[in-house]
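Engineer: So that we are looking at the same thing, I have put the structure below in structure tokens.
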Amino acid sequence: MKKRFFLAAALAVSVAANAQSYQHSIGLNVGSMEGISYKGFLNRNVAVVLDLGVSFLKTPATVVETYKYNDSNKNKKYARKGFTYGAWEFDLNPNIVYQNEITSWRNAELGWFAGAGASLGMMKPTSVSSGNFSMSLTDYKLSGKFGLNAIGGVEMSFGRTPIAISLDFRPGYGLMFRPQKNETYTYTQLAHFFDWKLVAAVRYTF
């Protein structure tokens, strides 16, 4: 009886370990960000999540505009609140997460993860509005984008099938910047905004 108990316990531990034993995974994201996704474990509980994708964001922003004139010290700076930007984002979003188990079954494991990361890329604003004012920005050039975010979610992996699925939320801070220079002045526009994503991923594990 004791031998059977220890054998069953060893089998359960082995199956649970196999469910979490993958080192790397690659797949696709859908949701607020669509693109490709990679996840690799640095050790049993710490992993790198690296996503490259495109998303559309519509969010209120604080806009700071700075004019630095070439032939005088009379520089000008304006800060305006109440703008809502609609923009396409193209960014690379690496995250470091800590992951642990919630529960496991014979062929699957459910776990939670949490961490933080950064995003770097480009933004293409399409519209701006404030109160009753609204304007299309079809001729607006690409702007740079930088952001910081938290990340938290759940993941299910399968021992016999090399598939992992996850769902996470990424609240954070974003900064859109656009420099412009001519013979008279250097113009810099910064837009500070709440940058968030809700992402589902399906990855092949190996």
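Identifiers in the structure tokens: chain A, B, ... in order shown; residue index from 1 per chain; ligand index from 1 in order shown.
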Show me, as an MDAnalysis selection string, the residues that have an atom within 8 Å of Lys68 of chain A when counting only C-alpha atoms, minus same-chain residues fewer than 2 positions from it.
Structural biologist: chainID A and resid 66 70 73:76 185:187
Engineer: Neighbours of Ala114 of chain A within 7 Å (only C-alpha atoms; same-chain residues fewer than 2 positions away dropped), as a PyMOL selection string?
Structural biologist: chain A and resi 97-99+151-153
Engineer: Can you pull out the residues contacting Phe133 of chain A? Cut-off 12 Å, using only C-alpha atoms, and skip same-chain residues under 4 positions away; I want them as a VMD selection string.
Structural biologist: chain A and resid 82 to 84 127 to 129
Engineer: Restricting the output to C-alpha atoms, write the selected residues as a CSV table (one decimal), in the first residue's frame.
Structural biologist:
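Final output, saved to part_20.csv:
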chain,number,residue,atom,x,y,z
A,82,GLY,CA,-7.7,67.5,-22.1
A,83,PHE,CA,-6.6,66.1,-25.5
A,84,THR,CA,-7.6,62.6,-26.6
A,127,SER,CA,-7.1,61.9,-34.7
A,128,VAL,CA,-7.1,64.4,-31.8
A,129,SER,CA,-10.1,65.8,-29.9
Engineer: Can you check which parts of segment 94-125 of chain A lie within 10 Å of segment 43-61 of chain A? Per residue, the shortest pair of atoms and distance in Å to one decimal, counting only C-alpha atoms, sorted by chain and number, as CSV.
Structural biologist:
residue,atom,partner,partner_atom,distance
A:Pro94,CA,A:Leu50,CA,4.3
A:Asn95,CA,A:Val49,CA,5.0
A:Ile96,CA,A:Val48,CA,4.8
A:Val97,CA,A:Ala47,CA,5.4
A:Tyr98,CA,A:Val46,CA,4.7
A:Gln99,CA,A:Asn45,CA,4.9
A:Asn100,CA,A:Asn45,CA,6.2
A:Glu101,CA,A:Asn45,CA,9.2
A:Phe113,CA,A:Asn45,CA,8.9
A:Ala114,CA,A:Val46,CA,9.8
A:Gly115,CA,A:Val46,CA,9.4
A:Ala116,CA,A:Val49,CA,9.9
A:Gly117,CA,A:Val49,CA,8.9
A:Ser119,CA,A:Asp51,CA,9.3
A:Leu120,CA,A:Leu52,CA,9.9
A:Gly121,CA,A:Leu52,CA,9.5
A:Met122,CA,A:Val54,CA,9.7
A:Met123,CA,A:Phe56,CA,9.4
A:Lys124,CA,A:Phe56,CA,9.4
A:Pro125,CA,A:Leu57,CA,9.2
Engineer: Residues as selected, C-alpha atoms, written as an mmCIF file, in the first residue's frame, can you do that?
Structural biologist:
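Printed below is again.cif as written:
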data_model
loop_
_atom_site.group_PDB
_atom_site.id
_atom_site.type_symbol
_atom_site.label_atom_id
_atom_site.label_comp_id
_atom_site.auth_asym_id
_atom_site.auth_seq_id
_atom_site.Cartn_x
_atom_site.Cartn_y
_atom_site.Cartn_z
ATOM 1 C CA PRO A 94 9.883 43.127 -23.270
ATOM 2 C CA ASN A 95 8.784 42.095 -19.753
ATOM 3 C CA ILE A 96 10.366 40.229 -16.849
ATOM 4 C CA VAL A 97 7.799 38.165 -14.918
ATOM 5 C CA TYR A 98 7.707 35.950 -11.852
ATOM 6 C CA GLN A 99 5.501 32.901 -12.392
ATOM 7 C CA ASN A 100 4.101 30.365 -9.942
ATOM 8 C CA GLU A 101 1.530 27.594 -9.890
ATOM 9 C CA PHE A 113 2.538 35.616 -13.324
ATOM 10 C CA ALA A 114 3.349 39.250 -12.551
ATOM 11 C CA GLY A 115 6.141 41.633 -13.423
ATOM 12 C CA ALA A 116 7.061 44.770 -15.333
ATOM 13 C CA GLY A 117 8.522 45.884 -18.629
ATOM 14 C CA SER A 119 7.980 49.434 -24.689
ATOM 15 C CA LEU A 120 9.828 51.179 -27.479
ATOM 16 C CA GLY A 121 8.610 51.898 -30.967
ATOM 17 C CA MET A 122 6.645 54.281 -33.171
ATOM 18 C CA MET A 123 3.199 55.860 -33.097
ATOM 19 C CA LYS A 124 1.023 57.115 -35.953
ATOM 20 C CA PRO A 125 -1.644 59.506 -34.599
#
Engineer: Go through A:Tyr204, A:Trp196, A:Phe41, A:Tyr69 and flag the residue nearest Ser157 of chain A, using only C-alpha atoms for the distances.
Structural biologist: A:Tyr204
Engineer: Output as a VMD selection string all residues of chain A that backbone DSSP marks as strand (DSSP E).
Structural biologist: chain A and resid 24 to 31 34 to 41 46 to 69 76 to 104 108 to 130 133 to 136 143 to 158 163 to 181 185 to 205
Engineer: What does the distance from atom CA of Val202 of chain A to atom CA of Ile26 of chain A come to in Å, to one decimal?
Structural biologist: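 Between these atoms lies a distance of 8.1 Å.
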Engineer: So that I can see what lies close to Tyr173 of chain A, please list as number ranges by chain the residues with an atom at most 8 Å from it, counting only C-alpha atoms and leaving out residues fewer than 6 positions away in the same chain.
Structural biologist: A: 147-149, 192-196
Engineer: Counting only C-alpha atoms, figure out which residue out of A:Trp112, A:Tyr140, A:Phe146, A:Tyr67 gets nearest to Asn182 of chain A.
Structural biologist: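 So, comparing all the options, the nearest one is A:Tyr67.
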Engineer: Measure the distance from atom CA of Ala150 of chain A to atom CA of Phe169 of chain A in Å and round it to one decimal.
Structural biologist: 8.2 Å
Engineer: Excluding Thr188 of chain A and any residue of its chain fewer than 3 positions from it, enumerate the residues within 8 Å of it, using only C-alpha atoms, and give them as a PyMOL selection string.
Structural biologist: chain A and resi 65-67+177-180
Engineer: Taking into account only C-alpha atoms, which residue in the set A:Ser134, A:Ser32, A:Thr62, A:Ser143 is nearest to Arg170 of chain A?
Structural biologist: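 Counting only C-alpha atoms, the residue closest to Arg170 of chain A is A:Ser32.
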Engineer: Report, in Å to a single decimal, how far apart atom CA of Gly86 of chain A and atom CA of Ala201 of chain A are.
Structural biologist: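 These two atoms are separated by 24.5 Å.
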